[in-house]
$ cat start28.tsv   # TSV, C-alpha atoms
chain	number	residue	atom	x	y	z
A	23	MET	CA	0.00	0.00	0.00
A	24	ALA	CA	1.41	3.37	-1.02
A	25	ALA	CA	1.63	6.40	1.26
A	26	ARG	CA	-0.95	8.13	-0.91
A	27	ASP	CA	-3.47	5.40	0.03
A	28	CYS	CA	-3.05	5.66	3.79
A	29	GLU	CA	-4.73	7.95	6.22
A	30	ARG	CA	-2.24	10.49	7.49
A	31	GLY	CA	-1.79	12.85	10.38
A	32	VAL	CA	-3.24	16.32	10.09
A	33	ALA	CA	0.18	17.95	10.59
A	34	SER	CA	0.74	18.34	6.85
A	35	MET	CA	-2.53	20.23	6.39
A	36	ARG	CA	-1.60	22.47	9.31
A	37	ILE	CA	1.72	23.26	7.65
A	38	MET	CA	-0.02	24.13	4.40
A	39	ALA	CA	-2.53	26.32	6.23
A	40	GLU	CA	0.43	28.21	7.67
A	41	LEU	CA	1.86	28.55	4.17
A	42	GLY	CA	-1.45	29.92	2.94
A	43	ALA	CA	-1.62	32.39	5.82
A	44	ALA	CA	1.88	33.62	4.99
A	45	HIS	CA	0.51	34.60	1.57
A	46	GLY	CA	-2.70	36.15	2.86
A	47	LEU	CA	-4.97	33.14	2.38
A	48	SER	CA	-7.41	32.45	5.21
A	49	PRO	CA	-7.64	29.00	6.83
A	50	ARG	CA	-11.23	28.76	5.61
A	51	ALA	CA	-10.11	29.29	2.02
A	52	CYS	CA	-7.30	26.75	2.41
A	53	LEU	CA	-9.66	24.13	3.84
A	54	ALA	CA	-12.67	24.76	1.60
A	55	GLY	CA	-14.26	21.51	0.50
A	56	THR	CA	-11.87	19.28	2.46
A	57	GLY	CA	-14.22	18.36	5.28
A	58	VAL	CA	-11.51	19.45	7.71
A	59	TYR	CA	-12.07	22.43	9.99
A	60	GLU	CA	-9.62	24.88	11.47
A	61	ARG	CA	-10.04	23.38	14.94
A	62	ASP	CA	-9.06	19.96	13.56
A	63	LEU	CA	-5.63	21.29	12.64
A	64	GLU	CA	-4.77	21.56	16.33
A	65	ASP	CA	-5.71	17.95	17.13
A	66	ALA	CA	-2.46	16.00	17.18
A	67	SER	CA	-4.33	12.70	16.98
A	68	ALA	CA	-6.54	13.64	14.02
A	69	LEU	CA	-6.22	11.62	10.83
A	70	VAL	CA	-7.30	12.73	7.36
A	71	ALA	CA	-7.77	10.90	4.08
A	72	PRO	CA	-5.24	11.57	1.30
A	73	GLU	CA	-7.92	13.12	-0.93
A	74	GLN	CA	-8.70	15.67	1.78
A	75	GLU	CA	-5.10	16.83	1.76
A	76	LEU	CA	-5.01	16.82	-2.04
A	77	LYS	CA	-8.11	19.00	-2.10
A	78	MET	CA	-6.23	21.46	0.10
A	79	VAL	CA	-3.29	21.33	-2.31
A	80	ARG	CA	-5.68	22.14	-5.14
A	81	ASN	CA	-7.03	25.11	-3.15
A	82	LEU	CA	-3.51	26.45	-2.62
A	83	VAL	CA	-2.53	25.95	-6.24
A	84	GLY	CA	-5.73	27.62	-7.39
A	85	ALA	CA	-5.27	30.66	-5.17
A	86	LEU	CA	-1.48	31.00	-5.09
A	87	GLY	CA	-0.32	29.21	-8.21
A	88	LYS	CA	1.49	32.28	-9.51
A	89	VAL	CA	3.76	32.46	-6.45
A	90	PRO	CA	7.20	31.29	-7.66
A	91	ALA	CA	8.49	28.07	-6.07
A	92	LEU	CA	5.37	27.76	-3.90
A	93	GLY	CA	5.81	23.98	-3.55
A	94	VAL	CA	9.46	24.33	-2.55
A	95	GLU	CA	8.49	26.93	0.03
A	96	ALA	CA	5.90	24.50	1.37
A	97	GLY	CA	8.36	21.60	1.54
A	98	LEU	CA	10.92	23.63	3.47
A	99	ARG	CA	8.34	23.95	6.26
A	100	TYR	CA	8.35	20.16	6.83
A	101	HIS	CA	10.89	19.86	9.64
A	102	PHE	CA	11.65	16.32	10.78
A	103	THR	CA	9.44	16.90	13.84
A	104	ALA	CA	6.39	17.09	11.53
A	105	PHE	CA	6.79	13.35	10.92
A	106	GLY	CA	6.37	12.38	14.58
A	107	MET	CA	7.93	9.06	15.53
A	108	LEU	CA	9.28	8.58	12.04
A	109	GLY	CA	11.10	11.89	12.33
A	110	LEU	CA	12.55	10.83	15.68
A	111	ALA	CA	13.69	7.51	14.22
A	112	MET	CA	15.43	9.34	11.38
A	113	ALA	CA	17.09	11.81	13.75
A	114	ALA	CA	18.37	9.01	16.00
A	115	SER	CA	19.87	7.06	13.07
A	116	PRO	CA	23.63	6.55	12.94
A	117	ASN	CA	23.98	8.33	9.57
A	118	ALA	CA	21.93	9.99	6.87
A	119	LEU	CA	21.86	6.85	4.72
A	120	SER	CA	20.32	4.93	7.60
A	121	ALA	CA	17.82	7.76	8.09
A	122	LEU	CA	16.88	7.54	4.41
A	123	GLU	CA	16.46	3.77	4.65
A	124	ILE	CA	14.10	4.00	7.62
A	125	ALA	CA	12.10	6.72	5.87
A	126	LEU	CA	11.67	4.41	2.89
A	127	ARG	CA	10.81	1.47	5.13
A	128	TYR	CA	7.98	3.44	6.73
A	129	PHE	CA	7.18	5.55	3.70
A	130	ASN	CA	3.46	5.17	4.38
A	131	LEU	CA	3.92	7.37	7.45
A	132	THR	CA	5.16	10.28	5.35
A	133	PHE	CA	3.00	12.89	3.62
A	134	ALA	CA	4.25	12.03	0.14
A	135	PHE	CA	1.93	11.66	-2.84
A	136	THR	CA	4.77	10.60	-5.13
A	137	ASP	CA	6.93	7.49	-5.16
A	138	PHE	CA	10.65	7.69	-4.34
A	139	LEU	CA	12.88	5.53	-6.52
A	140	VAL	CA	16.39	5.24	-5.07
A	141	ALA	CA	19.51	4.28	-7.02
A	142	ARG	CA	23.17	4.34	-5.95
A	143	ASP	CA	26.50	4.31	-7.72
A	144	ASP	CA	29.99	4.70	-6.34
A	145	ALA	CA	29.68	8.44	-5.74
A	146	GLU	CA	26.02	9.39	-5.52
A	147	THR	CA	22.60	8.33	-4.35
A	148	THR	CA	19.84	9.51	-6.67
A	149	ILE	CA	16.21	9.79	-5.57
A	150	THR	CA	13.80	9.99	-8.49
A	151	ILE	CA	10.42	11.51	-7.71
A	152	ASP	CA	7.76	9.57	-9.61
A	153	ASP	CA	4.65	11.74	-10.00
A	154	GLY	CA	2.84	9.56	-12.54
A	155	SER	CA	-0.18	8.93	-10.30
A	156	LEU	CA	-0.94	12.62	-9.76
A	157	PRO	CA	-3.33	14.81	-11.75
A	158	PRO	CA	-1.32	17.12	-14.04
A	159	ASP	CA	-2.49	20.31	-12.34
A	160	LEU	CA	-1.02	19.24	-8.98
A	161	ARG	CA	2.25	17.65	-10.09
A	162	ARG	CA	4.49	20.68	-9.96
A	163	PHE	CA	3.46	21.72	-6.46
A	164	VAL	CA	3.64	18.20	-5.03
A	165	VAL	CA	7.02	17.38	-6.59
A	166	GLU	CA	8.44	20.72	-5.44
A	167	ARG	CA	7.04	20.07	-1.96
A	168	ASP	CA	8.50	16.57	-1.72
A	169	ILE	CA	11.93	17.73	-2.86
A	170	GLY	CA	11.75	20.75	-0.57
A	171	ALA	CA	10.91	18.47	2.37
A	172	LEU	CA	13.92	16.27	1.58
A	173	VAL	CA	16.15	19.34	1.60
A	174	ARG	CA	14.65	20.54	4.91
A	175	ILE	CA	15.15	17.19	6.64
A	176	GLN	CA	18.73	17.03	5.37
A	177	ARG	CA	19.35	20.50	6.80
A	178	ASP	CA	17.75	19.55	10.11
A	179	LEU	CA	19.57	16.28	10.63
A	180	CYS	CA	22.99	17.08	9.22
A	181	PRO	CA	23.32	20.81	8.48
A	182	HIS	CA	27.11	20.70	8.24
A	183	LEU	CA	27.45	17.65	6.00
A	184	PRO	CA	28.04	18.07	2.24
A	185	LEU	CA	25.06	15.99	1.09
A	186	LEU	CA	23.19	17.87	-1.62
A	187	ARG	CA	24.85	17.61	-5.04
A	188	GLY	CA	22.08	18.52	-7.43
A	189	ILE	CA	18.33	18.89	-8.06
A	190	ALA	CA	16.48	18.54	-11.34
A	191	PHE	CA	12.84	19.23	-12.13
A	192	ALA	CA	10.93	17.72	-15.04
A	193	PHE	CA	9.19	21.05	-15.60
A	194	PRO	CA	9.86	23.96	-17.95
A	195	PRO	CA	12.05	26.74	-16.54
A	196	PRO	CA	10.03	29.19	-14.44
A	197	ALA	CA	10.07	32.95	-14.84
A	198	ASN	CA	11.95	33.33	-11.55
A	199	GLU	CA	14.70	30.71	-11.35
A	200	ALA	CA	16.57	32.81	-8.78
A	201	ARG	CA	13.81	32.15	-6.26
A	202	TYR	CA	14.45	28.41	-6.49
A	203	ALA	CA	18.18	28.88	-6.07
A	204	ALA	CA	17.64	31.09	-3.01
A	205	LEU	CA	15.37	28.55	-1.32
A	206	LEU	CA	17.28	25.39	-2.21
A	207	GLY	CA	20.82	26.69	-1.86
A	208	LEU	CA	21.74	25.72	-5.43
A	209	ARG	CA	20.43	26.38	-8.89
A	210	PRO	CA	18.33	23.42	-10.01
A	211	GLN	CA	18.08	22.10	-13.54
A	212	PHE	CA	14.73	22.47	-15.30
A	213	GLY	CA	13.30	20.53	-18.21
A	214	ALA	CA	14.99	17.33	-17.07
A	215	PRO	CA	13.66	13.90	-18.10
A	216	ARG	CA	12.73	13.14	-14.46
A	217	SER	CA	12.60	15.09	-11.23
A	218	VAL	CA	15.53	13.96	-9.09
A	219	ILE	CA	17.62	14.93	-6.09
A	220	ARG	CA	21.26	13.80	-5.94
A	221	LEU	CA	23.09	13.15	-2.66
A	222	CYS	CA	26.76	12.54	-1.91
A	223	ASN	CA	27.45	9.00	-0.68
A	224	ALA	CA	30.42	10.06	1.46
A	225	GLY	CA	28.25	12.57	3.32
A	226	LEU	CA	25.45	10.05	3.74
A	227	LEU	CA	27.78	7.75	5.67
A	228	GLN	CA	29.10	10.31	8.16
A	229	LEU	CA	27.95	9.96	11.76
A	230	LEU	CA	24.96	12.07	12.78
A	231	PRO	CA	25.49	14.08	15.98
A	232	GLN	CA	22.17	12.98	17.54
A	233	ALA	CA	22.57	9.24	16.77
A	234	ASN	CA	21.10	7.07	19.51
A	235	ALA	CA	20.55	3.35	18.94
A	236	ILE	CA	18.10	2.88	21.83
A	237	ALA	CA	15.98	5.90	20.85
A	238	ARG	CA	15.92	4.76	17.24
A	239	GLN	CA	14.83	1.24	18.17
A	240	ALA	CA	12.02	2.54	20.38
A	241	ALA	CA	10.85	5.03	17.74
A	242	GLU	CA	10.95	2.40	15.00
A	243	GLU	CA	8.78	0.07	17.06
A	244	GLN	CA	6.22	2.85	17.46
A	245	CYS	CA	6.37	3.42	13.70
A	246	ARG	CA	5.62	-0.24	13.11
A	247	LEU	CA	2.61	-0.22	15.43
A	248	LEU	CA	1.30	3.03	13.98
A	249	LEU	CA	1.63	1.71	10.45
A	250	GLU	CA	-0.30	-1.44	11.28
A	251	ARG	CA	-3.15	0.59	12.81
A	252	ARG	CA	-3.35	2.84	9.77
A	253	ARG	CA	-3.27	-0.06	7.34
A	254	MET	CA	-6.31	-1.53	9.05
A	255	ARG	CA	-8.20	1.71	8.35
A	256	SER	CA	-6.80	2.56	4.96
A	257	GLY	CA	-6.59	1.47	1.36
A	258	LEU	CA	-8.01	2.88	-1.82
A	259	ALA	CA	-10.61	0.12	-2.15
A	260	LEU	CA	-11.82	0.78	1.38
A	261	ARG	CA	-12.24	4.50	0.75
A	262	ILE	CA	-14.12	3.87	-2.48
A	263	ARG	CA	-16.35	1.34	-0.74
A	264	GLU	CA	-17.19	3.86	1.99
A	265	ARG	CA	-17.91	6.52	-0.63
A	266	LEU	CA	-20.29	4.28	-2.55
A	267	LEU	CA	-22.07	3.26	0.65
A	268	ARG	CA	-22.71	6.92	1.46
A	269	GLU	CA	-24.12	7.59	-2.01
A	270	SER	CA	-25.87	4.31	-2.73
A	271	ALA	CA	-28.92	5.87	-4.41
A	272	HIS	CA	-26.77	7.88	-6.82
A	273	MET	CA	-23.58	5.87	-7.05
A	274	PRO	CA	-20.92	7.88	-8.86
A	275	ASP	CA	-19.12	6.30	-11.77
A	276	MET	CA	-15.41	5.55	-11.82
A	277	GLU	CA	-14.50	8.79	-13.58
A	278	THR	CA	-16.29	10.86	-10.91
A	279	VAL	CA	-14.69	8.95	-8.05
A	280	ALA	CA	-11.25	9.25	-9.66
A	281	SER	CA	-11.68	13.01	-10.02
A	282	ASP	CA	-12.79	13.35	-6.38
A	283	LEU	CA	-9.70	11.39	-5.29
A	284	CYS	CA	-7.47	13.61	-7.43
A	285	LEU	CA	-6.51	10.66	-9.61
A	286	THR	CA	-6.84	9.86	-13.28
A	287	PRO	CA	-9.20	6.96	-14.11
A	288	ARG	CA	-6.21	5.03	-15.44
A	289	THR	CA	-4.30	5.48	-12.18
A	290	LEU	CA	-7.32	4.53	-10.09
A	291	ARG	CA	-7.78	1.38	-12.17
A	292	ARG	CA	-4.10	0.46	-11.80
A	293	ARG	CA	-4.04	1.09	-8.06
A	294	LEU	CA	-7.14	-1.02	-7.52
A	295	ASP	CA	-5.52	-3.75	-9.59
A	296	ASP	CA	-2.55	-3.58	-7.20
A	297	GLU	CA	-5.04	-4.22	-4.36
A	298	GLY	CA	-6.53	-7.16	-6.24
A	299	THR	CA	-9.88	-5.65	-7.14
A	300	THR	CA	-11.72	-3.44	-9.63
A	301	PHE	CA	-14.14	-0.54	-9.40
A	302	SER	CA	-17.01	-2.64	-10.74
A	303	ALA	CA	-16.28	-5.40	-8.20
A	304	ILE	CA	-16.38	-2.89	-5.34
A	305	ARG	CA	-19.62	-1.41	-6.66
A	306	ASP	CA	-21.20	-4.85	-6.92
A	307	GLU	CA	-20.00	-5.73	-3.42
A	308	VAL	CA	-21.57	-2.58	-2.01
A	309	ARG	CA	-24.83	-3.10	-3.88
A	310	LEU	CA	-25.08	-6.72	-2.75
A	311	ALA	CA	-24.46	-5.83	0.89
A	312	LEU	CA	-27.08	-3.09	0.76
A	313	ALA	CA	-29.53	-5.32	-1.10
A	314	GLU	CA	-29.22	-8.04	1.53
A	315	GLU	CA	-29.75	-5.50	4.30
A	316	LEU	CA	-32.81	-3.94	2.65
A	317	LEU	CA	-34.34	-7.30	1.76
A	318	SER	CA	-33.92	-8.75	5.24
A	319	MET	CA	-34.57	-5.70	7.43
A	320	THR	CA	-37.24	-3.72	5.58
A	321	GLU	CA	-40.56	-4.32	3.85
A	322	LEU	CA	-39.64	-2.29	0.81
A	323	SER	CA	-40.74	-3.71	-2.51
A	324	ILE	CA	-38.22	-5.04	-5.01
A	325	GLY	CA	-38.84	-1.93	-7.12
A	326	GLU	CA	-38.19	0.39	-4.17
A	327	ILE	CA	-34.99	-1.43	-3.28
A	328	ALA	CA	-33.86	-1.24	-6.88
A	329	GLY	CA	-34.38	2.53	-6.79
A	330	ARG	CA	-32.45	2.86	-3.53
A	331	LEU	CA	-29.52	1.07	-5.12
A	332	GLY	CA	-29.49	3.32	-8.15
A	333	TYR	CA	-31.10	0.95	-10.66
A	334	ALA	CA	-33.45	2.63	-13.14
A	335	ASP	CA	-35.36	-0.61	-13.68
A	336	PRO	CA	-36.26	-3.31	-11.12
A	337	THR	CA	-35.50	-5.97	-13.74
A	338	CYS	CA	-31.89	-4.74	-13.93
A	339	PHE	CA	-31.60	-5.14	-10.16
A	340	THR	CA	-33.16	-8.62	-10.26
A	341	ASN	CA	-30.79	-9.74	-13.00
A	342	ALA	CA	-27.78	-8.36	-11.11
A	343	PHE	CA	-28.89	-10.07	-7.89
A	344	LYS	CA	-29.32	-13.37	-9.69
A	345	GLY	CA	-25.78	-13.04	-10.97
A	346	TRP	CA	-24.48	-12.48	-7.45
A	347	LYS	CA	-26.51	-15.36	-5.98
A	348	ASP	CA	-26.18	-17.99	-8.71
A	349	GLY	CA	-29.73	-17.59	-9.97
A	350	MET	CA	-31.56	-16.81	-6.72
A	351	THR	CA	-33.83	-13.80	-7.13
A	352	PRO	CA	-34.28	-11.02	-4.54
A	353	LEU	CA	-37.75	-12.22	-3.55
A	354	SER	CA	-36.60	-15.82	-3.16
A	355	TRP	CA	-33.69	-14.67	-1.02
A	356	ARG	CA	-36.04	-12.61	1.16
A	357	ARG	CA	-38.38	-15.60	1.62
A	358	HIS	CA	-35.50	-17.83	2.61
A	359	VAL	CA	-34.41	-15.33	5.25
A	360	GLU	CA	-37.95	-14.90	6.57
A	361	ALA	CA	-38.34	-18.67	6.83
A	362	GLY	CA	-35.11	-18.96	8.78
A	363	MET	CA	-33.47	-20.93	5.98
A	364	PRO	CA	-29.85	-20.41	4.93
A	365	ALA	CA	-29.90	-17.67	2.30
A	366	ILE	CA	-26.99	-19.07	0.37
A	367	ALA	CA	-26.36	-18.99	-3.31
A	368	GLY	CA	-28.26	-21.76	-5.06
A	369	GLY	CA	-30.68	-22.64	-7.78
A	370	ARG	CA	-33.58	-20.45	-8.64
A	371	ALA	CA	-36.60	-20.89	-6.37
A	372	PRO	CA	-39.61	-22.59	-7.96
A	373	GLU	CA	-42.17	-19.95	-6.95
A	374	ALA	CA	-43.14	-17.18	-9.31
A	375	GLU	CA	-41.00	-14.11	-9.00
A	376	GLU	CA	-41.92	-10.47	-8.96
A	377	ALA	CA	-39.92	-7.85	-10.75

$ encode --input "start28.tsv" --output "structure tokens"
Amino acid sequence: MAARDCERGVASMRIMAELGAAHGLSPRACLAGTGVYERDLEDASALVAPEQELKMVRNLVGALGKVPALGVEAGLRYHFTAFGMLGLAMAASPNALSALEIALRYFNLTFAFTDFLVARDDAETTITIDDGSLPPDLRRFVVERDIGALVRIQRDLCPHLPLLRGIAFAFPPPANEARYAALLGLRPQFGAPRSVIRLCNAGLLQLLPQANAIARQAAEEQCRLLLERRRMRSGLALRIRERLLRESAHMPDMETVASDLCLTPRTLRRRLDDEGTTFSAIRDEVRLALAEELLSMTELSIGEIAGRLGYADPTCFTNAFKGWKDGMTPLSWRRHVEAGMPAIAGGRAPEAEEA
């Protein structure tokens, strides 16, 4: 499961609200449409869905998109303390390479929406920022933010080590390249094939001043427990399932859901495939669960239940139900339940069936 699929702490949204405020944008404007309120930003235990944070990113880009290097400025606000126990585990690592390895091991506890692809040669470690799953209008900000956050953490953990060797962005040159150089401490390359950050191997292996094996071990154990709890609550399929349950009478199609999640339909389809399912399978699962509940716990007619599940025609619902239950119709299933018989998939009941 990727970090972009996991619930995340609200700290990142608080940081972005502070960024917005620094440019005259009110918290209400930053949070519009996210379902997160200003008071939630102060709750250290609050968790938000990735799409809520992406909606906030879209608000910032929409209002402040002309601010040069806005994403870099955002990323430089992500001190290692923003990452909680993961930040502590990184800080207590013996060297920066070890800190990078633990960050990758618990990547789902970060605020990234990109994937980090790490390669090493004799002299350098290169981190490629893969933004392929992001909508085009958000890519620049998010990539800038993720690279800016890497630079900030490097400055926090090892400010005196010669780590940063180069940065490249897969974007056209901006009007104000000097702003990027001022923020990052070097002039990045633009128009590169991929967005990358290059680090010096010799610097990565130097001892960090705050290294503490016991503290790192304790922090890493907390990271492991936290990750397990979040995995139980997260996953793209789970979030789609919950969305469809909330809107059962007017179930959105895949394109609408993908847009709401700030994904392309192709990316949504691929990510669901990674989780071993499809959008249509989730939709059928939700409809079946609701159909069973309405058939067994209400006296609604088959036509009324069909309408509640978003079917324009009761016959379409009956045919779908028969497919789910190996030929058993909704009315037969209801009669089995009422009679206290096992309502399992089986042959079609002999009695006449209503539409």

$ closest_residue --input "start28.tsv" --among "A:Met38, A:Leu310, A:Val32, A:Leu331" --to "Thr132 of chain A" --atoms "only C-alpha atoms"
A:Val32

$ atom_distance --input "start28.tsv" --atom1 "atom CA of Thr56 of chain A" --atom2 "atom CA of Gln74 of chain A"
4.9 Å

$ residues_around --input "start28.tsv" --residues "segment 83-87 of chain A" --least-positions-apart "6" --cutoff "8 Å" --atoms "all atoms listed in the file" --output "VMD selection string"
chain A and resid 45 47 160 163

$ closest_residue --input "start28.tsv" --among "A:Met78, A:Glu64, A:Leu41, A:Glu146" --to "Arg99 of chain A" --atoms "only C-alpha atoms"
A:Leu41

$ closest_residue --input "start28.tsv" --among "A:Leu316, A:Ile304, A:Ala334, A:Ala237" --to "Trp355 of chain A" --atoms "only C-alpha atoms"
A:Leu316

$ atom_distance --input "start28.tsv" --atom1 "atom CA of Cys245 of chain A" --atom2 "atom CA of Leu126 of chain A"
12.1 Å

$ axis_aligned_box --input "start28.tsv" --around "segment 256-270 of chain A" --padding-each-side "4 Å" --output "lines of an AutoDock Vina configuration file"
center_x = -16.2
center_y = 3.9
center_z = 1.1
size_x = 27.3
size_y = 15.5
size_z = 15.7

$ residues_around --input "start28.tsv" --residues "Ala280 of chain A" --least-positions-apart "5" --cutoff "12 Å" --atoms "only C-alpha atoms" --output "PyMOL selection string"
chain A and resi 73+155-157+258-259+261-262+265+274-275+285-294+301

$ residues_near_point --input "start28.tsv" --point "(-26.1, -6.7, -4.1)" --cutoff "9 Å" --atoms "only C-alpha atoms" --output "list in words"
Arg305, Asp306, Glu307, Val308, Arg309, Leu310, Ala311, Leu312, Ala313, Glu314, Leu331, Phe339, Ala342, Phe343, Trp346 and Lys347 of chain A

$ write_last_selection --input "start28.tsv" --atoms "C-alpha atoms" --output "tab-separated table (two decimals), in the coordinates of the input"
chain	number	residue	atom	x	y	z
A	305	ARG	CA	-19.62	-1.41	-6.66
A	306	ASP	CA	-21.20	-4.85	-6.92
A	307	GLU	CA	-20.00	-5.73	-3.42
A	308	VAL	CA	-21.57	-2.58	-2.01
A	309	ARG	CA	-24.83	-3.10	-3.88
A	310	LEU	CA	-25.08	-6.72	-2.75
A	311	ALA	CA	-24.46	-5.83	0.89
A	312	LEU	CA	-27.08	-3.09	0.76
A	313	ALA	CA	-29.53	-5.32	-1.10
A	314	GLU	CA	-29.22	-8.04	1.53
A	331	LEU	CA	-29.52	1.07	-5.12
A	339	PHE	CA	-31.60	-5.14	-10.16
A	342	ALA	CA	-27.78	-8.36	-11.11
A	343	PHE	CA	-28.89	-10.07	-7.89
A	346	TRP	CA	-24.48	-12.48	-7.45
A	347	LYS	CA	-26.51	-15.36	-5.98

$ residues_around --input "start28.tsv" --residues "segment 165-182 of chain A" --least-positions-apart "2" --cutoff "9 Å" --atoms "all atoms listed in the file" --output "PyMOL selection string"
chain A and resi 91-102+109+112-113+117-118+133-136+151-153+160-163+184-186+189+191+205-206+217-219+230-232

$ write_last_selection --input "start28.tsv" --atoms "C-alpha atoms" --output "CSV table (one decimal), in the frame of the given file"
chain,number,residue,atom,x,y,z
A,91,ALA,CA,8.5,28.1,-6.1
A,92,LEU,CA,5.4,27.8,-3.9
A,93,GLY,CA,5.8,24.0,-3.6
A,94,VAL,CA,9.5,24.3,-2.6
A,95,GLU,CA,8.5,26.9,0.0
A,96,ALA,CA,5.9,24.5,1.4
A,97,GLY,CA,8.4,21.6,1.5
A,98,LEU,CA,10.9,23.6,3.5
A,99,ARG,CA,8.3,24.0,6.3
A,100,TYR,CA,8.4,20.2,6.8
A,101,HIS,CA,10.9,19.9,9.6
A,102,PHE,CA,11.6,16.3,10.8
A,109,GLY,CA,11.1,11.9,12.3
A,112,MET,CA,15.4,9.3,11.4
A,113,ALA,CA,17.1,11.8,13.8
A,117,ASN,CA,24.0,8.3,9.6
A,118,ALA,CA,21.9,10.0,6.9
A,133,PHE,CA,3.0,12.9,3.6
A,134,ALA,CA,4.2,12.0,0.1
A,135,PHE,CA,1.9,11.7,-2.8
A,136,THR,CA,4.8,10.6,-5.1
A,151,ILE,CA,10.4,11.5,-7.7
A,152,ASP,CA,7.8,9.6,-9.6
A,153,ASP,CA,4.6,11.7,-10.0
A,160,LEU,CA,-1.0,19.2,-9.0
A,161,ARG,CA,2.2,17.6,-10.1
A,162,ARG,CA,4.5,20.7,-10.0
A,163,PHE,CA,3.5,21.7,-6.5
A,184,PRO,CA,28.0,18.1,2.2
A,185,LEU,CA,25.1,16.0,1.1
A,186,LEU,CA,23.2,17.9,-1.6
A,189,ILE,CA,18.3,18.9,-8.1
A,191,PHE,CA,12.8,19.2,-12.1
A,205,LEU,CA,15.4,28.6,-1.3
A,206,LEU,CA,17.3,25.4,-2.2
A,217,SER,CA,12.6,15.1,-11.2
A,218,VAL,CA,15.5,14.0,-9.1
A,219,ILE,CA,17.6,14.9,-6.1
A,230,LEU,CA,25.0,12.1,12.8
A,231,PRO,CA,25.5,14.1,16.0
A,232,GLN,CA,22.2,13.0,17.5
